[in-house]
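One file, run15.txt, is given below (compact mmCIF, C-alpha atoms).
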```
# COMPACT_ATOMS: atom_id res chain seq x y z
CA MET A 1 22.62 -14.45 -51.09
CA TYR A 2 20.71 -11.71 -52.83
CA ASP A 3 17.67 -13.84 -53.62
CA ASP A 4 16.98 -14.19 -49.92
CA ASN A 5 16.04 -10.53 -49.72
CA ILE A 6 12.55 -10.36 -48.25
CA LYS A 7 11.52 -7.11 -49.92
CA VAL A 8 12.45 -8.39 -53.40
CA THR A 9 10.47 -11.57 -52.81
CA ARG A 10 7.44 -9.67 -51.60
CA MET A 11 7.52 -7.25 -54.51
CA ASN A 12 8.58 -9.63 -57.30
CA GLU A 13 5.82 -8.36 -59.60
CA ASP A 14 7.14 -4.80 -59.53
CA PRO A 15 9.71 -4.03 -56.84
CA PHE A 16 9.59 -0.24 -57.29
CA LYS A 17 5.91 0.75 -57.25
CA GLU A 18 5.77 0.39 -53.48
CA TYR A 19 8.64 2.82 -53.12
CA ILE A 20 7.08 5.40 -55.47
CA LYS A 21 4.11 5.49 -53.08
CA GLU A 22 6.41 5.94 -50.06
CA SER A 23 5.84 8.97 -47.84
CA GLU A 24 9.59 9.10 -47.19
CA PRO A 25 10.92 11.48 -49.92
CA ASP A 26 14.35 9.87 -50.34
CA LYS A 27 12.94 6.39 -50.91
CA ARG A 28 10.22 7.72 -53.18
CA GLU A 29 12.76 9.58 -55.32
CA LYS A 30 15.12 6.61 -55.53
CA GLY A 31 12.25 4.27 -56.33
CA TYR A 32 11.29 6.55 -59.21
CA VAL A 33 14.78 6.87 -60.70
CA TRP A 34 15.39 3.13 -60.57
CA HIS A 35 11.96 2.30 -61.98
CA THR A 36 12.53 4.76 -64.82
CA ALA A 37 16.11 3.62 -65.44
CA ILE A 38 15.14 -0.04 -65.75
CA GLY A 39 12.00 0.70 -67.78
CA LEU A 40 13.97 2.71 -70.34
CA GLN A 41 15.92 -0.39 -71.36
CA ALA A 42 12.78 -1.55 -73.17
CA VAL A 43 13.38 0.99 -75.96
CA ASP A 44 16.16 -1.31 -77.19
CA GLY A 45 14.43 -4.56 -76.26
CA LEU A 46 16.65 -5.15 -73.22
CA LYS A 47 15.81 -6.71 -69.89
CA THR A 48 17.70 -6.37 -66.60
CA SER A 49 18.76 -9.15 -64.25
CA GLU A 50 17.42 -10.14 -60.83
CA TYR A 51 20.80 -9.14 -59.40
CA LEU A 52 20.28 -5.59 -60.65
CA VAL A 53 16.86 -5.42 -58.98
CA HIS A 54 18.34 -6.68 -55.72
CA THR A 55 21.13 -4.09 -55.94
CA ALA A 56 18.60 -1.33 -56.64
CA VAL A 57 16.54 -2.25 -53.59
CA ARG A 58 19.67 -2.14 -51.41
CA ASN A 59 20.36 1.36 -52.71
CA ILE A 60 16.79 2.52 -52.10
CA GLU A 61 16.93 1.14 -48.57
CA GLY A 62 20.08 3.17 -47.91
CA GLU A 63 22.43 0.20 -47.56
CA ILE A 64 24.67 1.22 -50.47
CA SER A 65 25.32 4.35 -52.54
CA PHE A 66 24.98 4.62 -56.32
CA GLU A 67 28.77 4.45 -56.60
CA GLU A 68 28.81 1.24 -54.56
CA ALA A 69 25.98 -0.18 -56.67
CA ASN A 70 28.03 0.53 -59.78
CA VAL A 71 31.08 -1.20 -58.30
CA LEU A 72 29.01 -4.21 -57.27
CA LEU A 73 27.67 -4.62 -60.81
CA GLN A 74 31.15 -4.25 -62.30
CA THR A 75 32.49 -6.94 -59.96
CA TYR A 76 29.47 -9.18 -60.57
CA TYR A 77 30.05 -9.26 -64.32
CA GLU A 78 33.79 -9.69 -63.95
CA GLU A 79 33.09 -12.80 -61.87
CA ASN A 80 30.16 -13.91 -64.04
CA PRO A 81 31.12 -13.00 -67.64
CA THR A 82 28.43 -13.31 -70.29
CA ARG A 83 28.98 -16.38 -72.43
CA ASP A 84 26.44 -15.49 -75.09
CA ALA A 85 27.68 -12.57 -77.21
CA GLU A 86 24.06 -11.73 -78.07
CA ASP A 87 23.00 -11.44 -74.41
CA ARG A 88 22.78 -7.73 -73.58
CA THR A 89 21.69 -8.11 -69.96
CA GLU A 90 25.03 -6.74 -68.77
CA GLU A 91 24.46 -3.61 -70.86
CA ALA A 92 20.93 -3.20 -69.48
CA ASP A 93 22.17 -3.57 -65.89
CA LYS A 94 25.09 -1.20 -66.19
CA VAL A 95 23.19 1.47 -68.09
CA SER A 96 20.32 1.23 -65.59
CA VAL A 97 22.51 2.01 -62.58
CA ARG A 98 24.10 4.90 -64.49
CA ILE A 99 20.71 6.36 -65.47
CA ALA A 100 19.50 6.05 -61.89
CA ALA A 101 22.59 7.86 -60.64
CA LEU A 102 22.25 10.66 -63.22
CA LEU A 103 18.56 11.17 -62.50
CA SER A 104 19.30 11.38 -58.78
CA GLU A 105 21.71 14.26 -59.41
CA ARG A 106 20.35 17.80 -59.50
CA ALA A 107 23.29 19.29 -61.40
CA PHE A 108 22.39 20.16 -64.99
CA SER A 109 23.28 22.59 -67.75
CA PHE A 110 21.21 23.10 -70.88
CA THR A 111 24.00 22.72 -73.44
CA PRO A 112 24.97 20.35 -76.27
CA ASN A 113 28.00 19.35 -74.18
CA GLU A 114 25.69 18.18 -71.36
CA TYR A 115 23.73 16.06 -73.84
CA ILE A 116 26.90 14.48 -75.23
CA SER A 117 28.28 14.02 -71.71
CA ILE A 118 25.18 12.04 -70.67
CA HIS A 119 25.75 9.62 -73.56
CA ARG A 120 29.40 9.21 -72.54
CA LYS A 121 28.48 8.57 -68.89
CA LEU A 122 25.81 6.02 -69.81
CA PHE A 123 27.75 3.99 -72.38
CA THR A 124 31.48 4.18 -71.55
CA GLY A 125 32.84 0.65 -71.63
CA ILE A 126 29.73 -0.54 -73.49
CA TYR A 127 29.93 1.28 -76.82
CA SER A 128 33.28 2.23 -78.35
CA HIS A 129 31.65 5.45 -79.61
CA ALA A 130 30.36 6.57 -76.18
CA GLY A 131 30.16 10.36 -76.11
CA ARG A 132 31.18 10.67 -79.76
CA ILE A 133 29.08 12.14 -82.56
CA ARG A 134 28.58 9.61 -85.34
CA ASP A 135 30.40 10.11 -88.63
CA TYR A 136 28.17 7.92 -90.79
CA ASN A 137 24.54 8.00 -91.90
CA ILE A 138 22.00 5.58 -90.45
CA THR A 139 18.58 4.05 -91.12
CA LYS A 140 16.43 1.95 -88.79
CA LYS A 141 13.45 -0.18 -89.73
CA GLU A 142 10.48 0.68 -87.54
CA TRP A 143 7.53 -1.60 -86.78
CA VAL A 144 5.29 1.42 -86.29
CA LEU A 145 6.17 2.56 -89.85
CA ASN A 146 5.64 -0.86 -91.43
CA GLY A 147 9.39 -1.31 -91.83
CA ALA A 148 10.15 2.20 -93.12
CA THR A 149 12.72 4.48 -91.45
CA VAL A 150 12.81 7.99 -90.11
CA LEU A 151 15.18 10.30 -92.01
CA TYR A 152 17.80 11.01 -89.35
CA GLY A 153 20.27 13.88 -89.30
CA SER A 154 23.02 13.91 -91.91
CA ALA A 155 26.41 12.90 -90.48
CA THR A 156 28.11 15.98 -91.92
CA GLU A 157 25.68 18.38 -90.19
CA LEU A 158 25.07 16.79 -86.79
CA LYS A 159 27.00 19.23 -84.59
CA ALA A 160 25.61 22.27 -86.39
CA THR A 161 22.05 20.92 -86.16
CA LEU A 162 22.46 20.09 -82.48
CA ASP A 163 23.81 23.59 -81.73
CA TYR A 164 20.95 25.18 -83.67
CA ASP A 165 18.23 23.26 -81.81
CA PHE A 166 19.72 24.20 -78.45
CA SER A 167 20.07 27.86 -79.37
CA GLU A 168 16.46 28.02 -80.57
CA GLU A 169 15.16 26.43 -77.37
CA LYS A 170 17.23 28.79 -75.23
CA LYS A 171 15.65 31.76 -77.00
CA PHE A 172 12.12 30.42 -76.64
CA SER A 173 9.90 31.96 -73.95
CA TYR A 174 7.21 29.92 -72.18
CA LYS A 175 5.78 33.06 -70.61
CA ASN A 176 1.99 33.47 -70.90
CA LEU A 177 1.56 30.13 -72.68
CA SER A 178 -1.28 27.79 -71.77
CA MET A 179 -0.38 24.30 -70.57
CA GLU A 180 -1.53 22.89 -73.93
CA GLU A 181 0.87 25.24 -75.74
CA ILE A 182 3.71 24.38 -73.36
CA ILE A 183 3.26 20.65 -73.88
CA HIS A 184 3.03 21.09 -77.66
CA HIS A 185 6.29 23.02 -77.72
CA LEU A 186 8.05 20.52 -75.43
CA ALA A 187 6.94 17.74 -77.78
CA LEU A 188 8.37 19.62 -80.76
CA PHE A 189 11.66 20.25 -78.97
CA VAL A 190 12.30 16.70 -77.78
CA SER A 191 11.18 15.12 -81.07
CA ARG A 192 13.54 17.36 -83.07
CA LEU A 193 16.40 16.66 -80.67
CA TRP A 194 15.82 12.92 -80.99
CA GLN A 195 15.50 13.07 -84.80
CA ILE A 196 19.09 14.31 -85.12
CA HIS A 197 20.21 10.94 -83.72
CA VAL A 198 23.61 12.30 -82.83
CA PHE A 199 25.03 8.93 -81.77
CA GLY A 200 25.33 5.54 -83.40
CA GLU A 201 23.36 3.83 -80.60
CA GLY A 202 21.73 4.85 -77.33
CA ASN A 203 19.97 7.96 -78.62
CA THR A 204 16.55 7.36 -77.05
CA ARG A 205 17.90 6.57 -73.60
CA THR A 206 20.20 9.60 -73.71
CA THR A 207 17.40 11.86 -74.92
CA ALA A 208 15.02 10.60 -72.21
CA VAL A 209 17.52 11.25 -69.39
CA PHE A 210 18.39 14.70 -70.73
CA PHE A 211 14.72 15.60 -71.23
CA ILE A 212 13.70 14.54 -67.70
CA LYS A 213 16.51 16.64 -66.22
CA TYR A 214 15.58 19.60 -68.43
CA LEU A 215 11.93 19.36 -67.40
CA ARG A 216 13.00 19.75 -63.78
CA THR A 217 14.52 23.14 -64.60
CA LEU A 218 11.09 24.12 -65.93
CA GLY A 219 9.39 23.12 -62.68
CA PHE A 220 8.20 19.65 -63.72
CA ASP A 221 9.74 17.48 -61.00
CA VAL A 222 7.57 14.40 -61.33
CA THR A 223 7.93 10.97 -59.75
CA ASN A 224 5.56 8.63 -61.55
CA ASP A 225 5.85 5.44 -63.58
CA ILE A 226 4.93 6.81 -67.04
CA PHE A 227 8.42 6.54 -68.54
CA ALA A 228 9.10 3.26 -66.78
CA GLU A 229 6.02 1.50 -68.10
CA ASN A 230 5.67 3.20 -71.49
CA ALA A 231 9.23 3.56 -72.79
CA TRP A 232 8.47 1.90 -76.12
CA TYR A 233 5.42 4.11 -76.60
CA PHE A 234 7.67 7.12 -75.98
CA ARG A 235 10.06 5.96 -78.68
CA ASN A 236 7.27 5.16 -81.15
CA SER A 237 5.70 8.58 -80.59
CA LEU A 238 9.08 10.17 -81.39
CA VAL A 239 9.14 8.14 -84.60
CA ARG A 240 5.64 9.31 -85.60
CA ALA A 241 6.62 12.92 -84.88
CA ASN A 242 9.33 12.66 -87.53
CA TYR A 243 7.82 10.70 -90.41
CA ASN A 244 6.00 11.82 -93.54
CA ASP A 245 4.60 9.83 -96.43
CA LEU A 246 2.45 12.40 -98.20
CA ARG A 247 1.52 10.07 -101.06
CA ASN A 248 -0.28 7.87 -98.54
CA GLY A 249 -1.69 10.70 -96.46
CA ILE A 250 0.70 10.23 -93.52
CA HIS A 251 1.99 13.35 -91.83
CA GLU A 252 4.43 13.83 -88.96
CA THR A 253 2.49 14.48 -85.78
CA THR A 254 3.24 15.21 -82.13
CA GLU A 255 -0.25 14.18 -80.99
CA TYR A 256 0.94 10.88 -79.50
CA LEU A 257 3.93 12.47 -77.82
CA GLU A 258 1.66 15.14 -76.35
CA ILE A 259 -0.64 12.47 -74.91
CA PHE A 260 2.40 10.81 -73.33
CA LEU A 261 3.52 14.15 -71.87
CA ARG A 262 0.08 14.95 -70.50
CA ASN A 263 0.17 11.66 -68.58
CA PHE A 264 3.75 12.25 -67.47
CA LEU A 265 3.54 15.92 -66.48
CA LEU A 266 -0.11 16.38 -65.53
CA ASN A 267 -0.91 12.91 -64.16
CA GLU A 268 -3.68 12.44 -66.70
CA ASN A 269 -4.67 8.91 -67.62
CA HIS A 270 -4.90 8.61 -71.40
CA PRO A 271 -4.50 5.06 -72.79
CA LEU A 272 -1.03 4.53 -74.27
CA HIS A 273 -1.36 1.65 -76.74
CA ASN A 274 1.40 1.21 -79.30
CA ARG A 275 -1.02 -0.22 -81.85
CA THR A 276 -2.71 3.18 -82.17
CA LEU A 277 0.54 4.66 -83.49
CA HIS A 278 0.88 2.25 -86.43
CA ILE A 279 0.77 4.15 -89.72
CA SER A 280 -1.69 1.69 -91.29
CA GLY A 281 -4.43 2.96 -88.97
CA THR A 282 -5.90 -0.55 -89.06
CA PHE A 283 -5.65 -1.15 -85.35
CA LYS A 284 -7.05 2.25 -84.46
CA GLU A 285 -10.42 1.64 -86.04
CA ILE A 286 -11.41 -1.63 -84.39
CA GLU A 287 -13.37 -1.02 -81.21
CA LYS A 288 -13.14 -3.20 -78.13
CA PRO A 289 -16.28 -5.08 -77.19
CA ASP A 290 -18.40 -3.62 -74.42
CA ILE A 291 -18.00 -6.01 -71.50
CA GLU A 292 -21.40 -5.08 -70.11
CA THR A 293 -23.28 -5.79 -73.33
CA VAL A 294 -21.31 -8.69 -74.80
CA LYS A 295 -21.26 -10.95 -71.70
CA PRO A 296 -20.06 -14.00 -73.65
CA ASP A 297 -20.35 -17.47 -72.20
CA ILE A 298 -17.03 -18.62 -70.72
CA ASP A 299 -17.16 -21.92 -72.63
CA GLU A 300 -17.66 -20.07 -75.91
CA ILE A 301 -14.71 -17.79 -75.15
CA LYS A 302 -12.52 -20.77 -74.39
CA ALA A 303 -13.61 -22.45 -77.61
CA ASP A 304 -12.77 -19.33 -79.65
CA ILE A 305 -9.31 -19.06 -78.11
CA GLU A 306 -8.69 -22.73 -78.80
CA LYS A 307 -9.57 -22.18 -82.45
CA ILE A 308 -6.41 -20.10 -82.58
CA PHE A 309 -4.20 -22.03 -80.14
CA ARG A 310 -4.54 -25.04 -77.91
CA PRO A 311 -5.27 -24.12 -74.26
CA LYS A 312 -1.80 -25.10 -73.08
CA THR A 313 -0.20 -23.11 -75.90
CA THR A 314 -2.31 -20.07 -75.00
CA GLY A 315 -1.01 -20.32 -71.45
CA HIS A 316 2.57 -20.55 -72.70
CA ILE A 317 2.13 -17.46 -74.87
CA LEU A 318 0.72 -15.39 -72.00
CA LYS A 319 3.65 -16.42 -69.79
CA LEU A 320 6.13 -15.33 -72.46
CA ILE A 321 4.33 -12.00 -72.90
CA ASP A 322 4.70 -11.44 -69.17
CA ALA A 323 8.38 -12.49 -69.16
CA PHE A 324 9.43 -10.50 -72.25
CA PRO A 325 7.38 -7.27 -72.39
CA GLY A 326 7.65 -4.59 -75.02
CA GLN A 327 10.35 -5.45 -77.54
CA THR A 328 12.51 -7.52 -75.22
CA ILE A 329 14.53 -9.96 -77.29
CA PHE A 330 14.42 -13.66 -76.46
CA GLY A 331 15.21 -17.03 -77.96
CA ARG A 332 14.64 -20.73 -77.54
CA SER A 333 16.74 -21.08 -74.39
CA ASP A 334 14.82 -18.20 -72.77
CA ALA A 335 11.49 -19.85 -73.58
CA MET A 336 12.76 -23.13 -72.14
CA LYS A 337 13.65 -21.45 -68.85
CA VAL A 338 10.39 -19.53 -68.47
CA LEU A 339 8.12 -22.43 -69.46
CA ASP A 340 10.25 -25.36 -68.25
CA ILE A 341 9.90 -27.16 -71.60
CA LYS A 342 12.27 -29.18 -73.77
CA PRO A 343 14.25 -27.70 -76.70
CA SER A 344 12.07 -29.38 -79.33
CA ARG A 345 8.85 -28.01 -77.80
CA ALA A 346 10.37 -24.54 -77.42
CA SER A 347 11.36 -24.52 -81.10
CA GLU A 348 7.91 -25.72 -82.12
CA LEU A 349 6.19 -23.03 -80.01
CA LEU A 350 8.34 -20.20 -81.39
CA LYS A 351 7.72 -21.42 -84.93
CA GLU A 352 3.95 -21.47 -84.33
CA MET A 353 3.99 -17.97 -82.82
CA ALA A 354 6.06 -16.65 -85.73
CA GLU A 355 3.73 -18.21 -88.29
CA HIS A 356 0.78 -16.44 -86.65
CA GLY A 357 2.62 -13.12 -86.68
CA ILE A 358 2.76 -12.71 -82.90
CA ILE A 359 6.55 -12.60 -82.79
CA GLU A 360 9.09 -11.55 -85.38
CA PRO A 361 12.73 -12.56 -85.90
CA VAL A 362 15.39 -10.02 -84.93
CA SER A 363 18.13 -10.76 -87.45
CA GLU A 364 20.57 -8.17 -86.13
CA HIS A 365 20.76 -10.10 -82.86
CA GLY A 366 21.56 -13.44 -84.46
CA LYS A 367 19.67 -16.51 -85.61
CA GLY A 368 16.77 -17.71 -83.47
CA LYS A 369 16.12 -14.41 -81.69
CA TYR A 370 12.61 -12.95 -81.54
CA ARG A 371 10.51 -10.21 -80.01
CA PHE A 372 6.77 -9.60 -79.70
CA ARG A 373 5.51 -7.38 -82.47
CA ILE A 374 3.76 -5.03 -80.04
CA ASP A 375 3.95 -3.93 -76.42
CA LEU A 376 2.18 -6.68 -74.47
CA CYS A 377 3.47 -6.18 -70.97
CA THR A 378 0.95 -7.88 -68.72
CA GLY A 379 -1.13 -5.43 -66.76
CA THR A 380 -0.51 -2.45 -69.03
CA ALA A 381 -1.29 -3.71 -72.52
CA ASP A 382 -4.59 -3.98 -74.31
CA PRO A 383 -5.18 -7.69 -75.14
CA MET A 384 -6.80 -6.56 -78.40
CA ASP A 385 -3.25 -5.82 -79.53
CA LEU A 386 -2.42 -9.53 -79.55
CA VAL A 387 -5.55 -10.55 -81.41
CA PHE A 388 -4.84 -8.12 -84.23
CA TYR A 389 -1.91 -10.33 -85.15
CA LEU A 390 -3.73 -13.67 -85.10
CA LYS A 391 -4.14 -14.15 -88.82
CA ASP A 392 -6.55 -17.07 -88.60
CA ALA A 393 -8.77 -15.68 -85.87
CA GLY A 394 -11.86 -16.03 -88.04
CA SER A 395 -14.76 -13.59 -88.14
CA GLU A 396 -14.80 -10.21 -86.43
CA LYS A 397 -17.25 -11.61 -83.88
CA ALA A 398 -14.91 -14.49 -83.07
CA GLN A 399 -11.99 -12.08 -82.93
CA ASN A 400 -13.79 -9.86 -80.43
CA LYS A 401 -14.68 -12.85 -78.26
CA ALA A 402 -11.07 -14.03 -78.33
CA ALA A 403 -9.91 -10.56 -77.31
CA PHE A 404 -12.38 -10.49 -74.45
CA GLY A 405 -11.24 -13.92 -73.32
CA LEU A 406 -7.59 -12.94 -73.41
CA LYS A 407 -8.37 -9.83 -71.42
CA GLU A 408 -9.99 -11.90 -68.72
CA LYS A 409 -7.11 -14.38 -68.71
CA LEU A 410 -4.68 -11.51 -68.23
CA SER A 411 -6.63 -9.78 -65.50
CA MET A 412 -7.89 -12.94 -63.76
CA ASN A 413 -11.18 -11.15 -63.11
CA TYR A 414 -13.64 -13.15 -65.19
CA LEU A 415 -15.07 -15.42 -62.49
CA ASN A 416 -15.16 -12.60 -59.95
CA ASN A 417 -17.16 -10.45 -62.35
CA ARG A 418 -19.68 -13.24 -62.99
CA GLU A 419 -20.17 -13.81 -59.25
CA ARG A 420 -21.06 -10.16 -58.78
```
Using the file provided, produce a representation of the structure as structure tokens.
Amino acid sequence: MYDDNIKVTRMNEDPFKEYIKESEPDKREKGYVWHTAIGLQAVDGLKTSEYLVHTAVRNIEGEISFEEANVLLQTYYEENPTRDAEDRTEEADKVSVRIAALLSERAFSFTPNEYISIHRKLFTGIYSHAGRIRDYNITKKEWVLNGATVLYGSATELKATLDYDFSEEKKFSYKNLSMEEIIHHLALFVSRLWQIHVFGEGNTRTTAVFFIKYLRTLGFDVTNDIFAENAWYFRNSLVRANYNDLRNGIHETTEYLEIFLRNFLLNENHPLHNRTLHISGTFKEIEKPDIETVKPDIDEIKADIEKIFRPKTTGHILKLIDAFPGQTIFGRSDAMKVLDIKPSRASELLKEMAEHGIIEPVSEHGKGKYRFRIDLCTGTADPMDLVFYLKDAGSEKAQNKAAFGLKEKLSMNYLNNRER
């Protein structure tokens, strides 16, 4: 049985980070492509299965090839068909193994056909339009734009626009440019490519795979976890690079995408918090409390948190944040499994979280489906993000204390810090 695998058990928090640190090049490379492939599913709120993780580890260890991994997943879902039409785990698993396989290949051509081919390879058997340019116009409500949409490419001009962008990039010379200029241009190129939105679905994942492979031809052959752990930030930065609302002083900007690329390509360590991309600017202005100067009493922190939620409820919320990071979609049955609670309590908890603005309904995925309103993946998110959505958090002082308390709950460092 796959759940008996020792390595998966030992690395259940993140089964790929250990491989990325490997001195053995083949394992390091495979660890990177799998970590990236699985992380990219977050751009559509998808989460992979434990079986996929087990299969990935077998591939990294050299037990099976990518082709065999693909066959195993196909057989697994034939024998274990999804009963819930809204469950997209099968899509996440199958697309992940295909992304990993594509990223492991060195073959690449900088052409529109290559871009379209990547979409076809990723989504054949999943989307009926795999590898086909859309023939209808689209809009998408974006959290980062307060529900507004980017103006995507017109259906009648998609092929011509795609050809134009590729021809312009081919003519562009990076010679004698500083690294800042190179990164700025790369941000412009990938944001314009993404804005076309050539396909009905799967544009961000296709663009990410194509972009990573293109960067290799430019000498950027990186193996880090930036894409894997910040996929939603990548998508939100693409959104901000393509949105204007001049009446409200909002201009398209590549600044966020450039920060992402500096981390990805230069191994810099800029904070990547989705809240800072929100067009309201509200979340950008509030500063985090200085841990050294605030030093709140632990009982006071606990009291402030309990003003917002009961202690047990707070624990439940943190567990759900950990289980469903980014914009992963979940419902009552998912909450019941993670928290081991009854249906009535799960419904009550989701209602309470929705009323406080922590989660939002995802109508396009059916009734009773939700996602967190911001990226709160434990270990990478700023706990201030959660507090910004607690509408009844009280005064700014109380809000800051609650944020500090949540940070310590997430990191489990509070008592250790006091003992020092």
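Look at segment 216-230 of chain A: the protein and nucleic acid residues within 6 Å of it, using all atoms listed in the file and passing over chain neighbours fewer than 4 places away, are Tyr32, His35, Thr36, Gly39 and Phe264 of chain A.
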Would you output that residue set with C-alpha atoms, as a compact mmCIF listing (two decimals), keeping the file's coordinate frame?
```txt
# COMPACT_ATOMS: atom_id res chain seq x y z
CA TYR A 32 11.29 6.55 -59.21
CA HIS A 35 11.96 2.30 -61.98
CA THR A 36 12.53 4.76 -64.82
CA GLY A 39 12.00 0.70 -67.78
CA PHE A 264 3.75 12.25 -67.47
```
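Between Thr276 of chain A and the residues A:Val97, A:Ala241, A:Leu177, A:Val144, the shortest atom-to-atom distance, using all atoms listed in the file, involves A:Val144.
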With all atoms listed in the file as the basis for distance, which of A:Val43, A:Phe199, A:Ser104, A:Gly147 is at the shortest distance from Ile116 of chain A?
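With all atoms listed in the file as the atom set, the closest residue is A:Phe199.
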Adding 6 Å on each side of the box along x, y and z that holds all listed atoms of segment 149-163 of chain A, could you give its centre and edge lengths in Å to one decimal, as JSON?
```
{"center_x": 20.4, "center_y": 14.0, "center_z": -86.9, "size_x": 27.4, "size_y": 31.1, "size_z": 22.3}
```
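Non-sequential neighbours of segment 163-176 of chain A (distance at most 8 Å, separation of 3 or more positions within a chain, all atoms listed in the file) are Phe110, Thr111, Pro112, Lys159, Ala160, Ile182, Phe189, Arg192 and Leu193 of chain A.
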Store the residues picked out above, limited to C-alpha atoms, as a PDB file, in the frame of the given file.
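File part32.pdb, as written:
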```pdb
ATOM      1  CA  PHE A 110      21.210  23.100 -70.880  1.00  0.00           C
ATOM      2  CA  THR A 111      24.000  22.720 -73.440  1.00  0.00           C
ATOM      3  CA  PRO A 112      24.970  20.350 -76.270  1.00  0.00           C
ATOM      4  CA  LYS A 159      27.000  19.230 -84.590  1.00  0.00           C
ATOM      5  CA  ALA A 160      25.610  22.270 -86.390  1.00  0.00           C
ATOM      6  CA  ILE A 182       3.710  24.380 -73.360  1.00  0.00           C
ATOM      7  CA  PHE A 189      11.660  20.250 -78.970  1.00  0.00           C
ATOM      8  CA  ARG A 192      13.540  17.360 -83.070  1.00  0.00           C
ATOM      9  CA  LEU A 193      16.400  16.660 -80.670  1.00  0.00           C
TER      10      LEU A 193
END
```
Write out as a PyMOL selection string each polymer residue whose atoms come within 9 Å of Gln74 of chain A, counting all atoms listed in the file; drop sequence neighbours fewer than 5 positions from it.
chain A and resi 69+79+94
May I ask which of the residues A:Gln41, A:Thr139, A:Asn263, A:Asn236 is the closest one to Pro325 of chain A, counting only C-alpha atoms?
A:Gln41
Kindly give the distance, in Å, that separates atom CA of Ala187 of chain A and atom CA of Glu258 of chain A, rounded to a single decimal.
6.1 Å
Skip Leu257 of chain A itself and residues of its chain fewer than 3 positions away, then list as a list in words all residues within 6 Å of it, counting all atoms listed in the file.
Ser237, Thr254 and Phe260 of chain A
Pick from A:Ile126, A:Val150, A:Leu261, A:Ala231, whichever lies nearest to Val190 of chain A using all atoms listed in the file:
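The answer is A:Leu261, which sits nearest to Val190 of chain A.
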List as a list in words the protein and nucleic acid residues near Thr48 of chain A, meaning an atom at most 7 Å away when all atoms listed in the file are counted, but skip any in the same chain fewer than 4 places from it.
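Once the adjacent positions are removed, what remains is Ile38, Leu52, Thr89, Ala92 and Asp93 of chain A.
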Identify which of the residues A:Trp194, A:Trp143, A:Tyr214, A:Tyr152 lies closest to Val362 of chain A, counting all atoms listed in the file when measuring atom-to-atom distances.
A:Trp143
Could you check which of A:Ala208, A:Leu215, A:Leu350, A:Val338 is closest to Trp232 of chain A, using only C-alpha atoms?
A:Ala208
In Å, with one decimal, what is the gap from atom CA of Asn59 of chain A to atom CA of Lys30 of chain A?
7.9 Å
How many Å lie between atom CA of Tyr77 of chain A and atom CA of Glu90 of chain A, rounded to one decimal?
7.2 Å
